[in-house]
file data_38.cif (mmCIF, C-alpha atoms and all ligand atoms)
data_entry
loop_
_atom_site.label_atom_id
_atom_site.label_comp_id
_atom_site.auth_asym_id
_atom_site.auth_seq_id
_atom_site.Cartn_x
_atom_site.Cartn_y
_atom_site.Cartn_z
CA MET A 1 1.20 -1.58 40.93
CA LYS A 2 3.39 -2.72 38.06
CA HIS A 3 5.19 0.56 37.35
CA PHE A 4 6.62 3.44 39.40
CA LEU A 5 5.67 6.59 37.49
CA ASP A 6 4.02 8.96 39.94
CA LEU A 7 3.62 9.00 43.73
CA ALA A 8 -0.05 9.75 43.08
CA ASP A 9 -0.49 6.28 41.51
CA TRP A 10 0.32 4.67 44.85
CA THR A 11 -1.59 4.67 48.12
CA ALA A 12 -0.05 6.24 51.22
CA ASP A 13 0.10 2.73 52.73
CA ASP A 14 2.07 1.39 49.79
CA VAL A 15 4.46 4.36 49.78
CA TYR A 16 4.98 3.84 53.51
CA LYS A 17 5.71 0.13 52.92
CA LEU A 18 8.31 1.11 50.31
CA LEU A 19 9.90 3.51 52.80
CA ARG A 20 10.05 0.76 55.45
CA LEU A 21 11.64 -1.56 52.90
CA ALA A 22 14.18 1.15 52.01
CA LEU A 23 15.11 1.52 55.69
CA LYS A 24 15.48 -2.25 56.01
CA LEU A 25 17.67 -2.50 52.91
CA LYS A 26 19.76 0.44 54.09
CA ASP A 27 20.35 -1.22 57.49
CA GLU A 28 21.15 -4.51 55.80
CA TRP A 29 23.62 -2.79 53.45
CA LEU A 30 25.33 -1.02 56.35
CA GLU A 31 25.61 -4.31 58.28
CA ASP A 32 26.85 -7.04 55.94
CA GLY A 33 25.67 -5.89 52.54
CA ASN A 34 22.44 -6.81 50.77
CA LYS A 35 21.36 -10.28 49.79
CA PRO A 36 21.48 -10.99 46.05
CA VAL A 37 17.70 -10.92 45.69
CA LEU A 38 17.93 -9.63 42.10
CA LYS A 39 20.69 -11.99 41.04
CA ASN A 40 21.15 -12.01 37.24
CA LYS A 41 18.39 -9.44 36.77
CA ALA A 42 19.06 -6.51 34.46
CA LEU A 43 17.88 -2.91 34.57
CA GLY A 44 17.87 -0.92 31.31
CA MET A 45 18.36 2.82 31.94
CA VAL A 46 17.25 5.15 29.16
CA PHE A 47 18.36 8.78 29.44
CA GLN A 48 17.28 11.79 27.39
CA LYS A 49 18.99 14.13 29.90
CA PRO A 50 22.24 14.12 31.91
CA SER A 51 22.45 12.64 35.41
CA LEU A 52 24.83 11.91 38.26
CA ARG A 53 22.64 10.75 41.14
CA THR A 54 19.95 8.89 39.22
CA ARG A 55 22.34 7.01 37.00
CA VAL A 56 24.87 6.01 39.64
CA SER A 57 22.39 5.25 42.44
CA PHE A 58 20.35 2.95 40.19
CA GLU A 59 23.48 1.25 38.90
CA MET A 60 24.85 0.69 42.41
CA ALA A 61 21.45 -0.38 43.76
CA MET A 62 21.33 -3.16 41.16
CA GLN A 63 24.92 -4.17 41.91
CA HIS A 64 24.22 -4.39 45.67
CA VAL A 65 21.41 -6.90 45.13
CA GLY A 66 23.30 -9.04 42.61
CA GLY A 67 21.86 -7.53 39.44
CA HIS A 68 23.23 -5.52 36.55
CA ALA A 69 22.39 -2.12 35.05
CA LEU A 70 22.79 -0.99 31.48
CA TYR A 71 23.25 2.73 30.74
CA LEU A 72 21.75 3.93 27.47
CA SER A 73 22.78 7.50 26.75
CA PRO A 74 20.70 10.17 24.98
CA GLN A 75 22.82 9.66 21.83
CA GLU A 76 22.15 5.94 21.62
CA ILE A 77 18.40 5.48 21.87
CA GLY A 78 16.94 8.68 20.41
CA LEU A 79 13.64 8.10 22.17
CA GLY A 80 10.82 9.24 19.87
CA LYS A 81 13.33 10.39 17.24
CA ARG A 82 15.39 7.43 16.04
CA GLU A 83 12.63 5.09 17.11
CA SER A 84 9.18 5.43 18.66
CA THR A 85 8.94 5.09 22.43
CA ALA A 86 6.48 2.22 21.96
CA ASP A 87 9.00 0.29 19.86
CA VAL A 88 11.88 1.03 22.25
CA ALA A 89 9.76 -0.22 25.17
CA ARG A 90 8.88 -3.47 23.44
CA VAL A 91 12.40 -4.18 22.18
CA LEU A 92 14.19 -3.24 25.42
CA GLY A 93 11.60 -5.13 27.47
CA GLY A 94 12.58 -8.27 25.58
CA TYR A 95 16.17 -8.01 26.83
CA VAL A 96 16.00 -6.61 30.35
CA ASP A 97 13.86 -7.30 33.42
CA ILE A 98 13.04 -3.73 34.36
CA ILE A 99 13.39 -0.28 32.73
CA MET A 100 14.16 3.15 34.14
CA ALA A 101 13.67 6.20 31.89
CA ARG A 102 14.56 9.89 32.23
CA THR A 103 12.79 12.00 29.63
CA PHE A 104 11.77 15.48 28.60
CA ALA A 105 8.06 15.02 27.80
CA HIS A 106 6.19 13.00 30.43
CA GLN A 107 4.30 11.32 27.58
CA HIS A 108 7.45 9.26 26.87
CA ILE A 109 7.22 7.81 30.40
CA LEU A 110 3.52 7.02 29.94
CA ASP A 111 4.14 5.45 26.51
CA MET A 112 7.04 3.42 27.85
CA ALA A 113 4.81 2.03 30.62
CA ARG A 114 1.95 1.42 28.19
CA TRP A 115 4.07 -0.71 25.86
CA SER A 116 6.76 -2.25 28.06
CA PRO A 117 6.32 -5.93 29.00
CA VAL A 118 8.42 -5.26 32.13
CA PRO A 119 8.03 -2.69 34.95
CA VAL A 120 8.99 0.91 34.19
CA ILE A 121 10.40 3.44 36.69
CA ASN A 122 10.22 7.18 36.05
CA GLY A 123 13.72 8.59 36.63
CA LEU A 124 12.46 12.20 36.07
CA SER A 125 10.39 13.86 33.39
CA ASP A 126 9.51 17.50 32.81
CA TYR A 127 6.40 16.81 34.91
CA ASN A 128 7.66 14.97 37.99
CA HIS A 129 10.49 13.17 39.80
CA PRO A 130 8.97 10.44 41.99
CA CYS A 131 12.27 8.66 42.81
CA GLN A 132 13.54 11.96 44.21
CA GLY A 133 10.27 12.28 46.13
CA MET A 134 10.84 8.85 47.70
CA ALA A 135 14.41 9.70 48.76
CA ASP A 136 13.13 12.99 50.20
CA LEU A 137 10.40 11.25 52.22
CA LEU A 138 12.97 8.74 53.43
CA THR A 139 15.28 11.56 54.56
CA ILE A 140 12.42 13.31 56.36
CA LEU A 141 11.31 10.07 58.03
CA GLU A 142 14.85 9.37 59.26
CA GLU A 143 15.21 12.92 60.55
CA PHE A 144 11.87 13.33 62.34
CA GLY A 145 10.82 9.69 62.92
CA GLN A 146 7.34 10.39 61.50
CA PHE A 147 5.48 12.87 59.28
CA ASP A 148 2.76 14.18 61.62
CA GLY A 149 2.66 17.93 62.13
CA LEU A 150 5.55 18.70 59.77
CA HIS A 151 5.66 21.81 57.62
CA MET A 152 7.73 21.99 54.44
CA ALA A 153 8.43 25.26 52.64
CA TYR A 154 9.48 25.01 49.00
CA LEU A 155 11.25 28.06 47.57
CA GLY A 156 11.87 28.90 43.93
CA ASP A 157 10.77 27.38 40.66
CA SER A 158 7.74 25.06 40.78
CA ASN A 159 9.06 22.19 38.73
CA ASN A 160 9.13 18.39 38.44
CA VAL A 161 10.59 18.05 41.94
CA THR A 162 7.86 20.29 43.40
CA THR A 163 5.18 18.11 41.81
CA SER A 164 6.50 14.97 43.50
CA LEU A 165 6.99 16.77 46.82
CA LEU A 166 3.36 17.91 46.70
CA MET A 167 2.18 14.33 46.08
CA GLY A 168 4.38 13.02 48.90
CA ALA A 169 3.10 15.75 51.24
CA ALA A 170 -0.48 14.86 50.28
CA HIS A 171 0.04 11.21 51.27
CA PHE A 172 1.36 12.05 54.73
CA ASN A 173 -0.40 15.35 55.51
CA ILE A 174 2.79 17.38 55.51
CA LYS A 175 1.83 21.06 55.39
CA MET A 176 3.26 22.65 52.22
CA THR A 177 3.92 26.29 51.53
CA VAL A 178 5.31 27.11 48.10
CA ALA A 179 6.92 30.52 47.59
CA ALA A 180 7.53 31.42 43.95
CA PRO A 181 7.19 34.44 41.69
CA GLU A 182 4.05 34.80 39.58
CA GLY A 183 4.35 32.60 36.52
CA TYR A 184 6.52 30.06 38.32
CA GLN A 185 3.97 28.74 40.80
CA PRO A 186 2.58 25.19 40.69
CA ALA A 187 -0.03 24.59 37.97
CA GLN A 188 -3.58 24.51 39.31
CA ASP A 189 -4.06 20.93 38.13
CA VAL A 190 -1.03 19.82 40.17
CA ILE A 191 -2.44 21.51 43.30
CA ASP A 192 -5.86 19.98 42.61
CA LYS A 193 -4.33 16.54 42.14
CA ALA A 194 -2.41 16.83 45.43
CA ARG A 195 -5.54 18.02 47.24
CA GLN A 196 -7.51 15.10 45.86
CA LEU A 197 -4.76 12.67 46.83
CA GLY A 198 -4.77 14.12 50.35
CA ARG A 199 -8.56 13.65 50.48
CA GLY A 200 -9.10 17.25 51.47
CA LYS A 201 -6.66 17.04 54.39
CA LEU A 202 -3.61 18.54 52.65
CA ASP A 203 -2.77 22.01 53.94
CA VAL A 204 -1.17 23.70 50.93
CA ALA A 205 -0.58 27.41 50.31
CA VAL A 206 1.10 29.22 47.43
CA THR A 207 2.56 32.68 47.95
CA THR A 208 4.99 35.16 46.45
CA ASP A 209 6.35 35.91 49.95
CA PRO A 210 9.40 33.77 50.83
CA VAL A 211 9.58 34.94 54.46
CA ALA A 212 5.91 34.14 55.12
CA ALA A 213 6.38 30.71 53.51
CA VAL A 214 9.25 29.62 55.78
CA GLU A 215 7.71 30.96 59.01
CA GLY A 216 7.78 28.01 61.44
CA ALA A 217 8.74 25.52 58.71
CA HIS A 218 10.62 22.33 59.68
CA ILE A 219 11.91 21.62 56.18
CA ILE A 220 13.21 24.22 53.73
CA TYR A 221 13.50 22.84 50.21
CA THR A 222 14.82 24.43 47.05
CA ASP A 223 15.90 23.40 43.56
CA THR A 224 17.51 25.00 40.52
CA TRP A 225 15.78 28.02 39.00
CA THR A 226 16.43 26.60 35.52
CA SER A 227 15.69 22.94 34.95
CA MET A 228 17.18 20.77 32.22
CA GLY A 229 15.64 21.79 28.93
CA GLN A 230 15.01 25.41 30.03
CA GLU A 231 18.59 26.64 29.52
CA GLU A 232 17.52 29.37 27.07
CA GLU A 233 15.45 31.00 29.83
CA ALA A 234 18.30 31.05 32.35
CA ASP A 235 18.93 34.83 32.22
CA LYS A 236 15.25 35.69 32.45
CA ARG A 237 14.90 33.37 35.44
CA ARG A 238 18.01 34.71 37.16
CA ALA A 239 16.33 38.13 37.16
CA VAL A 240 13.19 37.07 39.07
CA PHE A 241 14.29 34.39 41.51
CA PRO A 242 16.89 36.06 43.82
CA PRO A 243 14.32 36.95 46.55
CA TYR A 244 13.69 33.20 46.87
CA GLN A 245 17.31 32.28 47.53
CA VAL A 246 17.77 29.97 50.54
CA ASN A 247 20.34 31.86 52.62
CA ALA A 248 21.10 32.36 56.32
CA ASP A 249 18.75 35.33 56.53
CA LEU A 250 15.78 33.39 55.24
CA LEU A 251 16.65 30.35 57.32
CA GLY A 252 16.46 32.59 60.39
CA HIS A 253 12.69 32.85 59.87
CA ALA A 254 12.13 29.07 59.88
CA ASP A 255 11.91 26.75 62.90
CA LYS A 256 15.26 26.90 64.73
CA ASP A 257 15.81 23.15 64.09
CA ALA A 258 14.69 23.30 60.46
CA ILE A 259 16.58 21.16 57.98
CA VAL A 260 17.52 22.25 54.46
CA MET A 261 17.01 20.00 51.46
CA HIS A 262 17.90 20.24 47.77
CA CYS A 263 17.62 17.47 45.17
CA LEU A 264 20.93 18.59 43.57
CA PRO A 265 22.65 19.56 41.34
CA ALA A 266 22.85 22.88 43.21
CA HIS A 267 23.71 26.21 41.64
CA ARG A 268 25.53 27.64 44.62
CA GLY A 269 25.13 31.38 44.93
CA GLU A 270 21.81 31.21 43.07
CA GLU A 271 19.01 29.21 44.74
CA ILE A 272 21.19 28.33 47.75
CA THR A 273 24.25 29.88 49.39
CA ASP A 274 27.40 27.92 50.30
CA ASP A 275 27.06 28.58 54.02
CA VAL A 276 23.56 27.04 54.06
CA ALA A 277 24.37 24.16 51.70
CA ASP A 278 27.40 23.24 53.83
CA GLY A 279 26.00 24.34 57.19
CA PRO A 280 24.75 22.27 60.14
CA GLN A 281 21.12 22.37 59.01
CA SER A 282 21.90 21.03 55.54
CA ARG A 283 20.81 17.46 54.75
CA LEU A 284 21.82 17.69 51.07
CA PHE A 285 24.25 14.78 51.07
CA PRO A 286 22.36 12.25 53.23
CA GLN A 287 19.40 13.12 50.98
CA ALA A 288 21.45 12.35 47.85
CA GLU A 289 22.66 9.07 49.37
CA ASN A 290 19.08 8.10 50.11
CA ARG A 291 18.38 7.96 46.38
CA LEU A 292 20.31 4.67 46.49
CA HIS A 293 18.28 3.18 49.33
CA ALA A 294 14.86 4.41 48.16
CA GLN A 295 15.40 3.15 44.62
CA LYS A 296 16.71 -0.19 45.81
CA ALA A 297 13.37 -0.65 47.58
CA ILE A 298 11.46 0.32 44.43
CA LEU A 299 13.48 -2.13 42.33
CA VAL A 300 13.14 -5.00 44.80
CA HIS A 301 9.41 -4.42 45.25
CA LEU A 302 8.59 -4.10 41.55
CA MET A 303 10.73 -7.10 40.65
CA ALA A 304 9.08 -9.26 43.32
CA GLU A 305 5.67 -8.34 41.88
CA ALA A 306 6.88 -8.97 38.34
CA ALA A 307 8.53 -12.33 39.12
CA VAL A 308 5.28 -14.30 38.99
CA LYS A 309 4.18 -12.66 35.74
CA ASP A 310 7.64 -13.11 34.26
CA LYS A 311 7.59 -16.85 34.90
CA LYS A 312 4.25 -17.07 33.12
CA ARG A 313 5.46 -14.89 30.22
CA LYS A 314 8.51 -17.08 29.66
CA LYS A 315 6.42 -20.28 29.95
CA ASP A 316 3.91 -18.94 27.38
CA LYS A 317 6.76 -18.06 25.01
CA LYS A 318 8.22 -21.58 25.40
CA ASN A 319 4.84 -23.24 24.77
CA LYS A 320 4.24 -21.08 21.71
CA LYS A 321 7.61 -22.21 20.32
CA LYS A 322 6.86 -25.87 21.09
CA ASN A 323 3.47 -25.77 19.36
CA LYS A 324 4.91 -24.43 16.11
N1 LIG B 401 18.61 14.76 41.79
C1 LIG B 401 18.87 14.15 40.61
O1 LIG B 401 18.00 13.52 40.01
O2 LIG B 401 20.15 14.27 40.18
P1 LIG B 401 20.73 13.83 38.75
O3 LIG B 401 20.11 14.74 37.74
O4 LIG B 401 22.19 13.98 38.87
O5 LIG B 401 20.31 12.41 38.51
N1 LIG B 402 14.39 20.35 38.38
C1 LIG B 402 15.66 19.79 38.02
C2 LIG B 402 15.91 18.55 38.78
C3 LIG B 402 17.21 17.88 38.51
C4 LIG B 402 17.37 16.61 39.27
C5 LIG B 402 15.72 19.53 36.53
O1 LIG B 402 14.72 19.02 36.00
O2 LIG B 402 16.71 19.85 35.89
#

call {"tool": "encode", "arguments": {"input": "data_38.cif", "output": "structure tokens", "more": "lines below"}}
Ligand code: CP
Ligand code: NVA
result
Amino acid sequence: MKHFLDLADWTADDVYKLLRLALKLKDEWLEDGNKPVLKNKALGMVFQKPSLRTRVSFEMAMQHVGGHALYLSPQEIGLGKRESTADVARVLGGYVDIIMARTFAHQHILDMARWSPVPVINGLSDYNHPCQGMADLLTILEEFGQFDGLHMAYLGDSNNVTTSLLMGAAHFNIKMTVAAPEGYQPAQDVIDKARQLGRGKLDVAVTTDPVAAVEGAHIIYTDTWTSMGQEEEADKRRAVFPPYQVNADLLGHADKDAIVMHCLPAHRGEEITDDVADGPQSRLFPQAENRLHAQKAILVHLMAEAAVKDKKRKKDKKNKKKNK
């Protein structure tokens, strides 16, 4: 697979291979540092939205393997406004070796991949967040050693992060219960897609009852009630989501060894309380660190696949020039 846009585009085997590679690169980094396998390679990072984790973890991942990352802020590129996404993809792809994009409409990600001559990584769109999904799977794998028999409960707004969690769960048969108010539950086509990906084996339930959802769960996951781009709805959302807050009371209904996850940024006192976010069951910060390791694996894998094609592309360009 040339691009990394959606966990559903990849087979469970390939996702598992990426996770193994991430673990290997993490070990290597903790030992003596990574080898410069992407020496002199450049990643172009296009952002339509703000970021801490995605921006810095990609930038550091490239640095660890001898490469370079270029940050292009929302003001600079004007994806689809100053210039069409197709043109941006073709121009940027002529300068850098790989592109990461964070967008509002998912169509920008698809257009970028359609037109880019180099691999494209989805760094979050309104639809999904597959890099987050990879870091989450990595965190779960490290915690439990395997995925069999696990139950994840997702509480709150069904958003881009939920979509990627559902696809990840589908690959590895992690039971998913989503608790959200009416109107904020996963779209039927997302559930259908996850079910299809799980070849009928995915155990997924959607409920309005947060206590029922966490009963016996090994992983409690939440995210902001108001995602980037939805700021005008913040008050309306704050009125309906409080019953879904991840707090000590709710955690008491989950498995006694359950871990708590959140993609961050957290809105403490809203979707999660301080005592839970900072408590012994929280894995929020190892999870955030794992963005670095998971994405390094994605970069190394995609660049290895692209290397052969890149050689050919450059040779063709050279020949074309010679024949003129
Ligand atoms: N979780 C995540 O993607 O964080 P940023 O928005 O800070 O990149
Ligand atoms: N759902 C959140 C995730 C942030 C990483 C958002 O889209 O704002």

call {"tool": "residues_near_ligand", "arguments": {"input": "data_38.cif", "ligand": "ligand LIG 402 (chain B)", "cutoff": "9 Å", "atoms": "only C-alpha atoms and all ligand atoms", "output": "MDAnalysis selection string"}}
result
chainID A and resid 49:54 104 124:129 132 157:162 223:230 263:266

call {"tool": "atom_distance", "arguments": {"input": "data_38.cif", "atom1": "atom CA of A:Gly93", "atom2": "atom CA of A:Ala42"}}
result
10.3 Å

call {"tool": "closest_residue", "arguments": {"input": "data_38.cif", "among": "A:Asp136, A:Glu143, A:Asp97, A:Asp310", "to": "ligand LIG 401 (chain B)", "atoms": "all atoms listed in the file"}}
result
A:Asp136

call {"tool": "residues_near_point", "arguments": {"input": "data_38.cif", "point": "(13.4, 21.5, 47.8)", "cutoff": "9 Å", "atoms": "only C-alpha atoms", "output": "ChimeraX atom specification"}}
result
/A:136,152-156,161-162,165,219-223,260-263

call {"tool": "atom_distance", "arguments": {"input": "data_38.cif", "atom1": "atom CA of A:Ala306", "atom2": "atom CA of A:Val120"}}
result
10.9 Å

call {"tool": "axis_aligned_box", "arguments": {"input": "data_38.cif", "around": "stretch 131-148 of chain A", "padding_each_side": "8 Å", "output": "AutoDock Vina command-line options"}}
result
--center_x 9.0 --center_y 11.4 --center_z 52.9 --size_x 28.5 --size_y 21.5 --size_z 36.1

call {"tool": "atom_distance", "arguments": {"input": "data_38.cif", "atom1": "atom CA of A:Asn40", "atom2": "atom CA of A:Val96"}}
result
10.2 Å

call {"tool": "closest_residue", "arguments": {"input": "data_38.cif", "among": "A:Glu305, A:Glu142, A:Asp278, A:Asp255", "to": "A:Leu23", "atoms": "only C-alpha atoms"}}
result
A:Glu142

call {"tool": "residues_around", "arguments": {"input": "data_38.cif", "residues": "A:Lys309", "least_positions_apart": "4", "cutoff": "12 Å", "atoms": "only C-alpha atoms", "output": "PyMOL selection string"}}
result
chain A and resi 2+97+117-119+302-305+313-316

call {"tool": "closest_residue", "arguments": {"input": "data_38.cif", "among": "A:Leu5, A:Ala187, A:Val15, A:Met62", "to": "A:Ala113", "atoms": "all atoms listed in the file"}}
result
A:Leu5

call {"tool": "closest_atom_pairs", "arguments": {"input": "data_38.cif", "of": "stretch 95-212 of chain A", "to": "stretch 65-77 of chain A", "cutoff": "12 Å", "atoms": "only C-alpha atoms", "output": "tab-separated table"}}
result
residue	atom	partner	partner_atom	distance
A:Tyr95	CA	A:Leu70	CA	10.7
A:Val96	CA	A:Leu70	CA	8.9
A:Asp97	CA	A:Gly67	CA	10.0
A:Ile98	CA	A:Ala69	CA	9.5
A:Ile99	CA	A:Ala69	CA	9.5
A:Met100	CA	A:Tyr71	CA	9.7
A:Ala101	CA	A:Leu72	CA	9.5
A:Arg102	CA	A:Pro74	CA	9.5
A:Thr103	CA	A:Pro74	CA	9.4
A:Phe104	CA	A:Pro74	CA	11.0

call {"tool": "residues_around", "arguments": {"input": "data_38.cif", "residues": "A:His253", "least_positions_apart": "3", "cutoff": "8 Å", "atoms": "all atoms listed in the file", "output": "short mmCIF file (atom, residue, chain, number, x, y, z; two decimals) with C-alpha atoms, keeping the file's coordinate frame"}}
result
data_model
loop_
_atom_site.label_atom_id
_atom_site.label_comp_id
_atom_site.auth_asym_id
_atom_site.auth_seq_id
_atom_site.Cartn_x
_atom_site.Cartn_y
_atom_site.Cartn_z
CA VAL A 211 9.58 34.94 54.46
CA VAL A 214 9.25 29.62 55.78
CA GLU A 215 7.71 30.96 59.01
CA GLY A 216 7.78 28.01 61.44
CA ASP A 249 18.75 35.33 56.53
CA LEU A 250 15.78 33.39 55.24
#

call {"tool": "closest_residue", "arguments": {"input": "data_38.cif", "among": "A:Pro243, A:Gly279, A:Gly123, A:Gly80", "to": "ligand LIG 401 (chain B)", "atoms": "only C-alpha atoms and all ligand atoms"}}
result
A:Gly123

call {"tool": "closest_residue", "arguments": {"input": "data_38.cif", "among": "A:Leu110, A:Ala248, A:Met45, A:Met176", "to": "ligand LIG 401 (chain B)", "atoms": "all atoms listed in the file"}}
result
A:Met45

call {"tool": "residues_around", "arguments": {"input": "data_38.cif", "residues": "A:Leu7", "least_positions_apart": "2", "cutoff": "8 Å", "atoms": "only C-alpha atoms", "output": "ChimeraX atom specification"}}
result
/A:4-5,9-10,15,130,133,164,167-168

call {"tool": "closest_residue", "arguments": {"input": "data_38.cif", "among": "A:Val178, A:Ala105, A:Met112, A:Pro242", "to": "A:Ala86", "atoms": "only C-alpha atoms"}}
result
A:Met112

call {"tool": "build_atoms", "arguments": {"input": "data_38.cif", "residues": "stretch 43-51 of chain A", "atoms": "all heavy atoms", "output": "mmCIF file, keeping the file's coordinate frame"}}
result
data_model
loop_
_atom_site.group_PDB
_atom_site.id
_atom_site.type_symbol
_atom_site.label_atom_id
_atom_site.label_comp_id
_atom_site.auth_asym_id
_atom_site.auth_seq_id
_atom_site.Cartn_x
_atom_site.Cartn_y
_atom_site.Cartn_z
ATOM 1 N N LEU A 43 18.643 -4.163 34.675
ATOM 2 C CA LEU A 43 17.880 -2.910 34.570
ATOM 3 C C LEU A 43 18.396 -2.153 33.341
ATOM 4 O O LEU A 43 19.603 -1.938 33.207
ATOM 5 C CB LEU A 43 18.122 -2.065 35.838
ATOM 6 C CG LEU A 43 17.723 -0.586 35.779
ATOM 7 C CD1 LEU A 43 16.192 -0.441 35.831
ATOM 8 C CD2 LEU A 43 18.337 0.195 36.959
ATOM 9 N N GLY A 44 17.497 -1.759 32.447
ATOM 10 C CA GLY A 44 17.870 -0.920 31.310
ATOM 11 C C GLY A 44 17.561 0.529 31.665
ATOM 12 O O GLY A 44 16.438 0.845 32.051
ATOM 13 N N MET A 45 18.563 1.418 31.549
ATOM 14 C CA MET A 45 18.360 2.820 31.940
ATOM 15 C C MET A 45 18.446 3.709 30.696
ATOM 16 O O MET A 45 19.509 3.831 30.090
ATOM 17 C CB MET A 45 19.437 3.243 32.947
ATOM 18 C CG MET A 45 19.520 2.338 34.174
ATOM 19 S SD MET A 45 20.547 3.061 35.474
ATOM 20 C CE MET A 45 22.160 2.975 34.725
ATOM 21 N N VAL A 46 17.330 4.317 30.364
ATOM 22 C CA VAL A 46 17.250 5.150 29.160
ATOM 23 C C VAL A 46 17.263 6.624 29.567
ATOM 24 O O VAL A 46 16.392 7.055 30.333
ATOM 25 C CB VAL A 46 15.927 4.861 28.408
ATOM 26 C CG1 VAL A 46 15.819 5.713 27.157
ATOM 27 C CG2 VAL A 46 15.821 3.382 28.071
ATOM 28 N N PHE A 47 18.229 7.362 29.056
ATOM 29 C CA PHE A 47 18.360 8.780 29.440
ATOM 30 C C PHE A 47 18.219 9.713 28.242
ATOM 31 O O PHE A 47 18.936 9.549 27.265
ATOM 32 C CB PHE A 47 19.724 9.038 30.086
ATOM 33 C CG PHE A 47 19.816 8.549 31.504
ATOM 34 C CD1 PHE A 47 20.223 7.258 31.791
ATOM 35 C CD2 PHE A 47 19.493 9.395 32.558
ATOM 36 C CE1 PHE A 47 20.316 6.821 33.103
ATOM 37 C CE2 PHE A 47 19.576 8.963 33.879
ATOM 38 C CZ PHE A 47 19.988 7.674 34.147
ATOM 39 N N GLN A 48 17.315 10.687 28.372
ATOM 40 C CA GLN A 48 17.280 11.790 27.390
ATOM 41 C C GLN A 48 18.018 13.012 27.934
ATOM 42 O O GLN A 48 18.179 13.997 27.224
ATOM 43 C CB GLN A 48 15.819 12.206 27.118
ATOM 44 C CG GLN A 48 15.083 11.326 26.144
ATOM 45 C CD GLN A 48 13.774 11.948 25.695
ATOM 46 O OE1 GLN A 48 13.078 12.590 26.476
ATOM 47 N NE2 GLN A 48 13.426 11.758 24.441
ATOM 48 N N LYS A 49 18.365 12.979 29.231
ATOM 49 C CA LYS A 49 18.990 14.130 29.900
ATOM 50 C C LYS A 49 20.189 13.641 30.703
ATOM 51 O O LYS A 49 20.250 12.460 31.033
ATOM 52 C CB LYS A 49 17.989 14.762 30.887
ATOM 53 C CG LYS A 49 16.768 15.399 30.256
ATOM 54 C CD LYS A 49 15.787 15.827 31.348
ATOM 55 C CE LYS A 49 14.608 16.586 30.773
ATOM 56 N NZ LYS A 49 13.567 16.859 31.790
ATOM 57 N N PRO A 50 21.090 14.546 31.087
ATOM 58 C CA PRO A 50 22.240 14.120 31.910
ATOM 59 C C PRO A 50 21.820 13.703 33.323
ATOM 60 O O PRO A 50 20.699 13.995 33.751
ATOM 61 C CB PRO A 50 23.102 15.380 31.993
ATOM 62 C CG PRO A 50 22.484 16.405 31.125
ATOM 63 C CD PRO A 50 21.104 15.983 30.791
ATOM 64 N N SER A 51 22.728 13.058 34.032
ATOM 65 C CA SER A 51 22.450 12.640 35.410
ATOM 66 C C SER A 51 23.734 12.225 36.123
ATOM 67 O O SER A 51 24.619 11.620 35.516
ATOM 68 C CB SER A 51 21.490 11.449 35.394
ATOM 69 O OG SER A 51 21.389 10.879 36.667
#
